[in-house]
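What follows is start-v3.csv (CSV, C-alpha atoms and all ligand atoms).
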chain,number,residue,atom,x,y,z
A,148,MET,CA,22.8,13.5,-4.1
A,149,THR,CA,21.7,11.6,-1.0
A,150,ARG,CA,20.7,8.0,-0.3
A,151,GLY,CA,19.4,7.2,3.1
A,152,ASP,CA,21.6,8.8,5.6
A,153,ARG,CA,24.5,9.9,3.5
A,154,THR,CA,25.5,12.3,0.7
A,155,LEU,CA,26.9,10.3,-2.2
A,156,ALA,CA,30.1,11.2,-3.9
A,157,PRO,CA,30.2,11.7,-7.6
A,158,PHE,CA,32.0,8.9,-9.5
A,159,GLY,CA,35.7,9.7,-9.9
A,160,ARG,CA,38.0,12.0,-8.2
A,161,ARG,CA,37.9,15.8,-8.8
A,162,ARG,CA,41.0,18.0,-9.5
A,163,LEU,CA,40.6,21.0,-7.2
A,164,PRO,CA,42.8,24.1,-6.7
A,165,VAL,CA,44.2,25.1,-3.3
A,166,VAL,CA,42.7,28.5,-2.4
A,167,GLY,CA,44.0,28.9,1.1
A,168,ARG,CA,46.5,27.8,3.7
A,169,GLU,CA,46.6,29.0,7.3
A,170,THR,CA,48.4,27.6,10.3
A,171,PHE,CA,47.1,27.4,13.9
A,172,GLY,CA,50.0,26.1,16.0
A,173,PRO,CA,51.0,22.8,14.5
A,174,TYR,CA,47.8,22.5,12.5
A,175,VAL,CA,47.4,23.5,8.9
A,176,VAL,CA,44.0,24.5,7.6
A,177,LEU,CA,44.0,23.7,3.8
A,178,SER,CA,41.2,25.2,1.7
A,179,VAL,CA,40.2,23.9,-1.8
A,180,ALA,CA,37.6,25.3,-4.2
A,181,ASP,CA,34.9,22.7,-4.9
A,182,PRO,CA,31.9,24.8,-6.2
A,183,ASP,CA,30.4,21.9,-8.2
A,184,GLY,CA,30.8,19.2,-5.6
A,185,PRO,CA,27.9,18.1,-3.3
A,186,ALA,CA,27.7,19.6,0.2
A,187,PRO,CA,29.1,17.1,2.6
A,188,ASP,CA,27.2,16.0,5.7
A,189,PRO,CA,29.0,16.9,9.0
A,190,GLY,CA,31.3,14.0,9.9
A,191,GLN,CA,31.9,12.8,6.3
A,192,PHE,CA,35.4,12.6,4.9
A,193,ALA,CA,37.3,12.8,1.6
A,194,MET,CA,40.3,11.0,0.2
A,195,LEU,CA,43.0,13.5,-0.7
A,196,ALA,CA,46.2,13.4,-2.7
A,197,THR,CA,48.3,16.1,-4.3
A,198,VAL,CA,48.4,16.2,-8.1
A,199,ALA,CA,52.1,16.8,-8.2
A,200,GLN,CA,54.8,15.0,-6.2
A,201,TRP,CA,52.6,12.3,-4.5
A,202,GLY,CA,55.0,9.4,-4.4
A,203,GLY,CA,58.0,9.3,-6.7
A,204,GLY,CA,60.3,10.2,-3.8
A,205,GLU,CA,63.1,8.2,-2.4
A,206,ASP,CA,60.9,5.3,-1.2
A,207,GLU,CA,57.9,6.2,-3.4
A,208,ARG,CA,55.6,6.9,-0.4
A,209,PRO,CA,52.8,7.9,0.2
A,210,PHE,CA,51.3,5.8,-2.7
A,211,LEU,CA,47.6,6.0,-1.8
A,212,PRO,CA,45.4,9.0,-1.1
A,213,ARG,CA,44.8,9.7,2.6
A,214,ALA,CA,41.5,10.2,4.5
A,215,PHE,CA,40.5,13.6,6.0
A,216,SER,CA,37.4,14.9,7.7
A,217,VAL,CA,35.7,17.8,6.0
A,218,ALA,CA,36.1,20.5,8.6
A,219,ARG,CA,34.0,23.3,7.0
A,220,ARG,CA,32.2,24.2,3.8
A,221,GLY,CA,31.7,27.8,2.7
A,222,ASP,CA,28.7,29.0,0.7
A,223,ASP,CA,30.9,29.3,-2.3
A,224,GLY,CA,31.8,25.6,-2.1
A,225,ARG,CA,35.2,26.1,-0.5
A,226,LEU,CA,36.1,23.1,1.6
A,227,ASP,CA,38.5,23.3,4.6
A,228,PHE,CA,40.6,20.5,6.0
A,229,VAL,CA,42.6,20.5,9.2
A,230,LEU,CA,45.9,18.6,8.8
A,231,GLU,CA,48.5,17.5,11.3
A,232,ASP,CA,51.9,16.4,9.8
A,233,VAL,CA,52.4,12.8,10.9
A,234,GLY,CA,53.9,11.2,7.9
A,235,PRO,CA,54.6,11.5,4.1
A,236,GLY,CA,51.1,12.1,3.0
A,237,THR,CA,50.3,14.8,5.5
A,238,GLU,CA,53.7,16.3,5.1
A,239,ARG,CA,53.1,16.8,1.4
A,240,LEU,CA,49.6,18.1,1.9
A,241,CYS,CA,50.7,20.5,4.6
A,242,ALA,CA,53.4,21.9,2.2
A,243,LEU,CA,50.8,22.8,-0.5
A,244,GLY,CA,50.3,26.4,-1.5
A,245,ARG,CA,47.9,28.5,-3.6
A,246,GLY,CA,48.2,27.5,-7.3
A,247,GLU,CA,48.7,23.8,-6.6
A,248,ASP,CA,46.0,21.2,-7.1
A,249,VAL,CA,44.7,18.2,-5.1
A,250,TRP,CA,42.8,15.1,-6.2
A,251,LEU,CA,39.7,14.8,-4.0
A,252,LEU,CA,37.3,11.9,-3.8
A,253,GLY,CA,34.2,12.4,-1.7
A,254,PRO,CA,32.3,13.2,0.4
A,255,LEU,CA,32.4,9.7,1.8
A,256,GLY,CA,30.9,7.7,4.7
A,257,ARG,CA,28.2,8.3,7.2
A,258,GLY,CA,28.4,11.4,9.4
A,259,PHE,CA,26.7,12.6,12.6
A,260,THR,CA,23.0,12.5,13.2
A,261,PRO,CA,21.0,15.0,15.1
A,262,PRO,CA,20.5,14.6,18.9
A,263,ARG,CA,17.8,12.2,20.0
A,264,GLU,CA,14.8,13.4,22.0
A,265,ARG,CA,15.9,17.0,21.7
A,266,ARG,CA,19.0,16.3,23.8
A,267,ARG,CA,21.6,19.1,24.2
A,268,PRO,CA,24.7,18.4,22.0
A,269,VAL,CA,28.1,18.2,23.7
A,270,LEU,CA,31.0,18.1,21.3
A,271,VAL,CA,34.3,16.6,22.6
A,272,GLY,CA,37.5,16.8,20.5
A,273,GLY,CA,41.1,15.8,21.0
A,274,GLY,CA,43.9,17.2,18.9
A,275,VAL,CA,43.3,17.1,15.2
A,276,GLY,CA,40.0,15.4,16.1
A,277,ILE,CA,38.6,19.0,16.2
A,278,ALA,CA,38.1,18.8,12.4
A,279,PRO,CA,34.7,17.1,12.0
A,280,LEU,CA,33.4,19.0,15.1
A,281,MET,CA,33.9,22.3,13.3
A,282,ILE,CA,31.3,21.6,10.5
A,283,TRP,CA,29.0,19.9,13.0
A,284,GLY,CA,29.3,22.8,15.4
A,285,ASP,CA,28.4,25.1,12.5
A,286,ALA,CA,25.3,23.1,11.8
A,287,LEU,CA,24.2,22.9,15.5
A,288,GLY,CA,24.8,26.6,16.3
A,289,ALA,CA,24.5,28.0,19.8
A,290,ALA,CA,22.9,24.9,21.1
A,291,ALA,CA,26.2,23.0,21.3
A,292,THR,CA,28.7,23.0,24.1
A,293,THR,CA,32.3,22.2,22.9
A,294,LEU,CA,35.1,20.8,25.0
A,295,LEU,CA,38.6,20.4,23.4
A,296,GLY,CA,41.7,18.7,24.7
A,297,PHE,CA,45.3,19.3,23.5
A,298,ARG,CA,48.7,18.3,24.5
A,299,ASP,CA,49.9,21.8,25.4
A,300,ALA,CA,49.3,25.5,24.7
A,301,ALA,CA,51.1,25.3,21.3
A,302,HIS,CA,48.5,22.7,20.1
A,303,ALA,CA,45.7,24.6,21.8
A,304,ALA,CA,46.2,27.3,19.2
A,305,GLY,CA,43.8,25.1,17.2
A,306,ALA,CA,40.9,25.9,19.6
A,307,VAL,CA,40.2,29.2,17.9
A,308,LEU,CA,38.7,27.2,15.1
A,309,ILE,CA,35.7,26.6,17.3
A,310,PRO,CA,34.9,29.9,19.0
A,311,GLY,CA,33.6,29.5,22.5
A,312,ALA,CA,35.1,26.1,23.1
A,313,ARG,CA,36.4,25.2,26.6
A,314,VAL,CA,40.0,23.9,26.5
A,315,ALA,CA,42.0,21.4,28.5
A,316,THR,CA,45.7,20.7,28.1
A,317,ASP,CA,47.6,17.7,29.4
A,318,ASP,CA,50.4,19.9,30.8
A,319,GLY,CA,48.1,22.7,32.1
A,320,SER,CA,49.8,25.3,29.9
A,321,ALA,CA,46.4,26.5,28.7
A,322,GLY,CA,42.9,26.1,30.1
A,323,HIS,CA,42.0,23.2,32.5
A,324,HIS,CA,45.0,21.2,33.6
A,325,GLY,CA,44.1,17.6,32.7
A,326,PHE,CA,42.3,15.5,30.1
A,327,VAL,CA,39.2,16.8,28.2
A,328,THR,CA,37.3,13.8,29.6
A,329,GLU,CA,37.5,15.5,33.0
A,330,LEU,CA,35.6,18.4,31.6
A,331,LEU,CA,33.1,15.9,30.1
A,332,ALA,CA,32.7,14.1,33.4
A,333,ALA,CA,31.8,17.4,35.1
A,334,GLU,CA,29.4,18.2,32.3
A,335,LEU,CA,27.7,14.8,32.5
A,336,GLY,CA,27.7,15.0,36.4
A,337,ALA,CA,25.7,18.3,36.2
A,338,GLY,CA,22.7,16.3,34.8
A,339,GLY,CA,20.4,17.2,32.0
A,340,ALA,CA,19.7,15.3,28.8
A,341,VAL,CA,22.7,15.5,26.5
A,342,GLU,CA,24.1,13.6,23.5
A,343,VAL,CA,27.8,13.4,23.1
A,344,TYR,CA,29.7,13.7,19.8
A,345,ALA,CA,33.4,12.9,19.9
A,346,CYS,CA,36.5,12.7,17.7
A,347,GLY,CA,40.1,12.2,18.8
A,348,PRO,CA,42.7,9.6,19.6
A,349,PRO,CA,41.5,6.1,20.5
A,350,PRO,CA,42.3,6.3,24.2
A,351,MET,CA,40.3,9.5,24.5
A,352,LEU,CA,37.4,8.0,22.5
A,353,GLU,CA,37.5,4.9,24.7
A,354,ALA,CA,37.3,7.1,27.8
A,355,VAL,CA,34.4,9.1,26.3
A,356,ARG,CA,32.6,5.8,25.4
A,357,ALA,CA,33.0,4.4,29.0
A,358,LEU,CA,31.9,7.7,30.6
A,359,CYS,CA,28.8,7.9,28.5
A,360,ALA,CA,28.0,4.3,29.1
A,361,GLU,CA,28.3,4.8,32.9
A,362,HIS,CA,26.0,7.9,32.7
A,363,GLU,CA,23.6,6.2,30.2
A,364,VAL,CA,24.2,9.1,27.7
A,365,PRO,CA,24.0,8.4,24.0
A,366,ALA,CA,27.2,9.1,22.1
A,367,GLN,CA,28.4,9.2,18.5
A,368,LEU,CA,32.1,8.6,17.9
A,369,ALA,CA,34.0,9.6,14.8
A,370,LEU,CA,36.7,6.8,14.5
A,371,GLU,CA,39.8,6.4,12.4
A,372,SER,CA,41.3,3.4,10.8
A,373,GLY,CA,43.8,3.0,8.0
A,374,MET,CA,41.9,3.5,4.7
A,375,ALA,CA,43.2,2.4,1.3
A,376,CYS,CA,40.2,3.0,-0.9
A,377,GLY,CA,37.6,5.0,1.2
A,378,PHE,CA,34.6,3.4,-0.6
A,379,GLY,CA,34.2,-0.1,0.6
A,380,ALA,CA,36.3,-2.1,-1.8
A,381,CYS,CA,39.4,-3.1,0.1
A,382,PHE,CA,38.1,-4.1,3.6
A,383,GLY,CA,41.3,-2.5,5.0
A,384,CYS,CA,39.4,-0.3,7.4
A,385,VAL,CA,37.3,-2.9,9.3
A,386,VAL,CA,36.6,-2.4,13.0
A,387,PRO,CA,34.9,-4.7,15.5
A,388,THR,CA,31.5,-3.9,16.8
A,389,ARG,CA,29.1,-5.8,19.0
A,390,ASP,CA,27.4,-7.1,15.8
A,391,GLY,CA,30.6,-8.1,14.0
A,392,TYR,CA,33.1,-6.2,11.8
A,393,VAL,CA,32.0,-3.2,9.8
A,394,ARG,CA,33.9,-1.2,7.1
A,395,LEU,CA,34.5,2.2,8.7
A,396,CYS,CA,34.6,4.0,5.4
A,397,VAL,CA,31.0,3.1,4.4
A,398,ASP,CA,29.4,2.2,7.8
A,399,GLY,CA,31.2,5.0,9.6
A,400,PRO,CA,33.4,6.9,10.3
A,401,VAL,CA,30.8,7.9,12.9
A,402,LEU,CA,29.5,5.0,14.9
A,403,ASP,CA,27.0,4.9,17.7
A,404,ALA,CA,29.0,4.3,20.9
A,405,ALA,CA,26.5,1.7,22.0
A,406,THR,CA,27.5,-0.6,19.1
A,407,LEU,CA,31.1,-0.7,20.4
A,408,ALA,CA,32.4,-2.9,23.2
A,409,GLU,CA,35.5,-0.7,23.3
A,410,VAL,CA,37.5,1.6,21.1
A,411,SER,CA,41.0,0.3,20.6
B,501,LIG,C1,37.8,9.1,8.4
B,501,LIG,C2,39.2,9.7,8.7
B,501,LIG,C3,39.3,11.1,8.9
B,501,LIG,C4,40.5,11.6,9.2
B,501,LIG,N1,40.6,13.0,9.4
B,501,LIG,C5,41.8,13.6,9.6
B,501,LIG,C6,41.9,15.0,9.7
B,501,LIG,O1,40.9,15.7,9.6
B,501,LIG,N2,43.1,15.5,9.9
B,501,LIG,C7,44.3,14.7,10.0
B,501,LIG,O2,45.4,15.3,10.1
B,501,LIG,N3,44.2,13.4,9.9
B,501,LIG,C8,43.0,12.8,9.7
B,501,LIG,N4,42.9,11.4,9.6
B,501,LIG,C9,44.1,10.6,9.7
B,501,LIG,C10,44.9,10.7,8.4
B,501,LIG,O3,44.2,10.0,7.4
B,501,LIG,C11,46.3,10.1,8.7
B,501,LIG,O4,47.0,10.9,9.6
B,501,LIG,C12,47.1,10.1,7.4
B,501,LIG,O5,46.5,9.0,6.6
B,501,LIG,C13,48.5,9.8,7.7
B,501,LIG,O6,49.2,9.7,6.4
B,501,LIG,P1,50.7,10.0,6.3
B,501,LIG,O7,51.1,9.5,5.0
B,501,LIG,O8,51.0,11.4,6.6
B,501,LIG,O9,51.4,9.2,7.5
B,501,LIG,P2,51.5,7.5,7.6
B,501,LIG,O10,52.9,7.2,7.4
B,501,LIG,O11,50.5,6.9,6.7
B,501,LIG,O12,51.1,7.4,9.1
B,501,LIG,C14,51.9,8.2,10.1
B,501,LIG,C15,51.5,7.6,11.5
B,501,LIG,O13,50.0,7.8,11.7
B,501,LIG,C16,49.5,6.5,11.8
B,501,LIG,N5,48.2,6.5,11.1
B,501,LIG,C17,48.1,6.7,9.8
B,501,LIG,N6,46.8,6.7,9.4
B,501,LIG,C18,46.1,6.5,10.5
B,501,LIG,C19,44.7,6.4,10.8
B,501,LIG,N7,43.8,6.6,9.9
B,501,LIG,N8,44.4,6.3,12.1
B,501,LIG,C20,45.3,6.2,13.1
B,501,LIG,N9,46.6,6.3,12.9
B,501,LIG,C21,47.0,6.4,11.6
B,501,LIG,C22,50.4,5.5,11.3
B,501,LIG,O14,50.3,4.3,12.0
B,501,LIG,C23,51.8,6.1,11.6
B,501,LIG,O15,52.2,5.9,12.9
B,501,LIG,C24,41.7,10.8,9.3
B,501,LIG,C25,41.6,9.4,9.1
B,501,LIG,C26,40.3,8.9,8.8
B,501,LIG,C27,40.2,7.4,8.6
B,502,LIG,S1,39.0,1.8,3.0
B,502,LIG,FE1,38.7,0.3,1.6
B,502,LIG,S2,36.9,-0.8,2.4
B,502,LIG,FE2,37.2,0.9,3.7
Same coordinates, now as structure tokens:
Amino acid sequence: MTRGDRTLAPFGRRRLPVVGRETFGPYVVLSVADPDGPAPDPGQFAMLATVAQWGGGEDERPFLPRAFSVARRGDDGRLDFVLEDVGPGTERLCALGRGEDVWLLGPLGRGFTPPRERRRPVLVGGGVGIAPLMIWGDALGAAATTLLGFRDAAHAAGAVLIPGARVATDDGSAGHHGFVTELLAAELGAGGAVEVYACGPPPMLEAVRALCAEHEVPAQLALESGMACGFGACFGCVVPTRDGYVRLCVDGPVLDAATLAEVS
């Protein structure tokens, strides 16, 4: 079901079985079967929690479900998520195996929109920010150029998830030695009409925003913010734009870079 520029989630969360788990360096690709769920738009996300052992531990965390970009959808309705273990929720989700179930609410939010004026799409990802670029790259096909930045060669193992991507690492242990924004600067400096799509940590997104503004290139940024509900009820996810605060879960997570004074 769609309304305007987003696919709407069915009411209520769905209990879905885990059908795959693969590791790529520090990243876990978790696959769940969702044959009856709507096809997500690239850039949309879902709220995930495990059915068993979500909270109830020593300090009861993680309490609430966590937000994750849909990284891929198979023709059979299989949904892939790319996870990085940074705390109690991601630790539990990363430990899931076949035969266990998750609660999924989604797809949620507004995703990427096609390039304006037939511009060439350039995808820029940092770390686990690769996730929404996978499904968007699948939709764009060969037209897209993808640039990915990682901390080191161990993290760059995730780059195989987007075949043909050019890689930069902070320590030079794989690909270009330096930030992925250096690859982007070279790409923008070469001229030609492009539109940039980016997801990654806030300093990377701010550098992408500033570069694109300098080159007068349109950009769409997939942002993150702490999300308690994921559907507009709690106002916990608000971010400032030039037009005031917006709720990232319903007005984003993808925002037009021109609406942002900065990414913080
Ligand atoms: C729309 C959206 C899409 C996301 N997609 C992915 C994804 O594809 N893969 C993935 O691994 N993670 C993704 N995240 C981030 C993910 O939701 C957080 O990493 C997760 O909530 C952390 O939960 P936790 O219980 O493991 O750790 P917590 O204890 O909740 O957090 C661990 C650390 O991460 C920080 N943190 C937590 N949530 C966020 C956040 N949303 N933004 C910035 N810092 C945060 C905390 O401040 C803390 O330092 C996404 C977030 C959003 C909002
Ligand atoms: S997460 Fe609750 S309003 Fe956005």
Between CA of Gly284 (chain A) and atom C21 of ligand LIG 501 (chain B), what is the distance, to one decimal in Å? 24.4 Å
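For the pair CA of Gly244 (chain A) and CA of Asp223 (chain A), the separation is 19.6 Å.
Rounded to one decimal, CA of Leu287 (chain A) and CA of Arg161 (chain A) lie 28.8 Å from each other.
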List all protein, DNA and RNA residues that have any atom at most 7 Å from ligand LIG 501 (chain B), counting all atoms listed in the file, and write the list as a PDB file with C-alpha atoms, in the coordinates of the input.
ATOM      1  CA  PHE A 192      35.400  12.600   4.900  1.00  0.00           C
ATOM      2  CA  PRO A 209      52.800   7.900   0.200  1.00  0.00           C
ATOM      3  CA  ARG A 213      44.800   9.700   2.600  1.00  0.00           C
ATOM      4  CA  ALA A 214      41.500  10.200   4.500  1.00  0.00           C
ATOM      5  CA  PHE A 215      40.500  13.600   6.000  1.00  0.00           C
ATOM      6  CA  SER A 216      37.400  14.900   7.700  1.00  0.00           C
ATOM      7  CA  VAL A 217      35.700  17.800   6.000  1.00  0.00           C
ATOM      8  CA  ALA A 218      36.100  20.500   8.600  1.00  0.00           C
ATOM      9  CA  PHE A 228      40.600  20.500   6.000  1.00  0.00           C
ATOM     10  CA  VAL A 229      42.600  20.500   9.200  1.00  0.00           C
ATOM     11  CA  LEU A 230      45.900  18.600   8.800  1.00  0.00           C
ATOM     12  CA  GLU A 231      48.500  17.500  11.300  1.00  0.00           C
ATOM     13  CA  ASP A 232      51.900  16.400   9.800  1.00  0.00           C
ATOM     14  CA  VAL A 233      52.400  12.800  10.900  1.00  0.00           C
ATOM     15  CA  GLY A 234      53.900  11.200   7.900  1.00  0.00           C
ATOM     16  CA  PRO A 235      54.600  11.500   4.100  1.00  0.00           C
ATOM     17  CA  GLY A 236      51.100  12.100   3.000  1.00  0.00           C
ATOM     18  CA  THR A 237      50.300  14.800   5.500  1.00  0.00           C
ATOM     19  CA  GLU A 238      53.700  16.300   5.100  1.00  0.00           C
ATOM     20  CA  VAL A 275      43.300  17.100  15.200  1.00  0.00           C
ATOM     21  CA  GLY A 276      40.000  15.400  16.100  1.00  0.00           C
ATOM     22  CA  ALA A 278      38.100  18.800  12.400  1.00  0.00           C
ATOM     23  CA  PRO A 279      34.700  17.100  12.000  1.00  0.00           C
ATOM     24  CA  LEU A 370      36.700   6.800  14.500  1.00  0.00           C
ATOM     25  CA  GLU A 371      39.800   6.400  12.400  1.00  0.00           C
ATOM     26  CA  SER A 372      41.300   3.400  10.800  1.00  0.00           C
ATOM     27  CA  GLY A 373      43.800   3.000   8.000  1.00  0.00           C
ATOM     28  CA  MET A 374      41.900   3.500   4.700  1.00  0.00           C
ATOM     29  CA  CYS A 396      34.600   4.000   5.400  1.00  0.00           C
ATOM     30  CA  PRO A 400      33.400   6.900  10.300  1.00  0.00           C
TER      31      PRO A 400
END
Can you check which parts of chain A lie within 7 Å of ligand LIG 502 (chain B)? Per residue, the shortest pair of atoms and distance in Å to one decimal, counting all atoms listed in the file, sorted by chain and number, as a Markdown table.
| residue | atom | partner | partner_atom | distance |
| --- | --- | --- | --- | --- |
| A:Met374 | CA | B:LIG502 | S1 | 3.8 |
| A:Ala375 | CA | B:LIG502 | S1 | 4.6 |
| A:Cys376 | CA | B:LIG502 | FE1 | 4.0 |
| A:Gly377 | CA | B:LIG502 | S1 | 3.9 |
| A:Phe378 | CA | B:LIG502 | FE1 | 5.6 |
| A:Gly379 | CA | B:LIG502 | S2 | 3.3 |
| A:Ala380 | CA | B:LIG502 | S2 | 4.4 |
| A:Cys381 | CA | B:LIG502 | FE1 | 3.8 |
| A:Phe382 | CA | B:LIG502 | S2 | 3.7 |
| A:Gly383 | CA | B:LIG502 | FE1 | 5.1 |
| A:Cys384 | CA | B:LIG502 | FE2 | 4.5 |
| A:Val385 | CA | B:LIG502 | FE2 | 6.8 |
| A:Arg394 | CA | B:LIG502 | FE2 | 5.2 |
| A:Leu395 | CA | B:LIG502 | FE2 | 5.8 |
| A:Cys396 | CA | B:LIG502 | FE2 | 4.4 |
| A:Val397 | CA | B:LIG502 | FE2 | 6.6 |
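Counting all atoms listed in the file, the residue from A:Gly288, A:Pro164, A:Gly391, A:Pro348 that sits nearest to Trp250 (chain A) is A:Pro164.
Closest approach to Phe171 (chain A) from the set A:Val343, A:Val307, A:Leu331, A:Ala369 is made by A:Val307, with distances taken over all atoms listed in the file.
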For Asp403 (chain A), the nearest of the candidates A:Gly322, A:Pro262, A:Gly184, A:Gly274, counting all atoms listed in the file: A:Pro262
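Considering only C-alpha atoms, the residue among A:Pro157, A:Pro254, A:Gly202, A:Gly224 positioned nearest to Asp188 (chain A) is A:Pro254.
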Judged by all atoms listed in the file, the minimum distance to Ala303 (chain A) among A:Leu407, A:Arg153, A:Ala337, A:Gly172 is found for A:Gly172
Final all heavy atoms of region 266-273 of chain A as a short mmCIF file (atom, residue, chain, number, x, y, z; two decimals), keeping the file's coordinate frame:
data_model
loop_
_atom_site.label_atom_id
_atom_site.label_comp_id
_atom_site.auth_asym_id
_atom_site.auth_seq_id
_atom_site.Cartn_x
_atom_site.Cartn_y
_atom_site.Cartn_z
N ARG A 266 17.91 16.24 22.87
CA ARG A 266 19.00 16.30 23.80
C ARG A 266 19.94 17.49 23.47
O ARG A 266 20.05 17.85 22.31
CB ARG A 266 19.79 15.03 23.89
CG ARG A 266 19.01 13.91 24.55
CD ARG A 266 19.66 12.56 24.35
NE ARG A 266 18.96 11.54 25.12
CZ ARG A 266 19.28 11.19 26.35
NH1 ARG A 266 20.31 11.75 26.96
NH2 ARG A 266 18.60 10.28 27.00
N ARG A 267 20.66 18.03 24.48
CA ARG A 267 21.60 19.10 24.20
C ARG A 267 22.92 18.50 23.74
O ARG A 267 23.46 17.59 24.37
CB ARG A 267 21.83 19.87 25.56
CG ARG A 267 22.77 21.06 25.44
CD ARG A 267 22.71 21.89 26.71
NE ARG A 267 23.12 21.15 27.89
CZ ARG A 267 24.38 20.99 28.29
NH1 ARG A 267 25.37 21.53 27.60
NH2 ARG A 267 24.67 20.30 29.37
N PRO A 268 23.44 18.97 22.58
CA PRO A 268 24.70 18.40 22.00
C PRO A 268 25.92 18.85 22.78
O PRO A 268 26.10 20.06 23.01
CB PRO A 268 24.70 18.83 20.59
CG PRO A 268 23.81 20.02 20.52
CD PRO A 268 22.84 19.96 21.66
N VAL A 269 26.78 17.90 23.15
CA VAL A 269 28.10 18.20 23.70
C VAL A 269 29.15 17.61 22.83
O VAL A 269 29.17 16.40 22.60
CB VAL A 269 28.20 17.63 25.17
CG1 VAL A 269 29.60 17.89 25.73
CG2 VAL A 269 27.14 18.22 26.09
N LEU A 270 30.01 18.48 22.28
CA LEU A 270 31.00 18.10 21.30
C LEU A 270 32.37 17.94 22.08
O LEU A 270 32.74 18.86 22.83
CB LEU A 270 31.17 19.08 20.20
CG LEU A 270 30.14 19.04 19.07
CD1 LEU A 270 28.71 18.99 19.56
CD2 LEU A 270 30.34 20.20 18.11
N VAL A 271 33.07 16.82 21.88
CA VAL A 271 34.30 16.60 22.60
C VAL A 271 35.41 16.24 21.57
O VAL A 271 35.28 15.25 20.83
CB VAL A 271 34.18 15.42 23.59
CG1 VAL A 271 35.45 15.28 24.42
CG2 VAL A 271 32.98 15.63 24.50
N GLY A 272 36.47 17.06 21.51
CA GLY A 272 37.50 16.80 20.50
C GLY A 272 38.88 16.70 21.17
O GLY A 272 39.17 17.34 22.19
N GLY A 273 39.72 15.88 20.56
CA GLY A 273 41.10 15.80 21.00
C GLY A 273 42.04 15.99 19.85
O GLY A 273 41.92 15.32 18.81
#
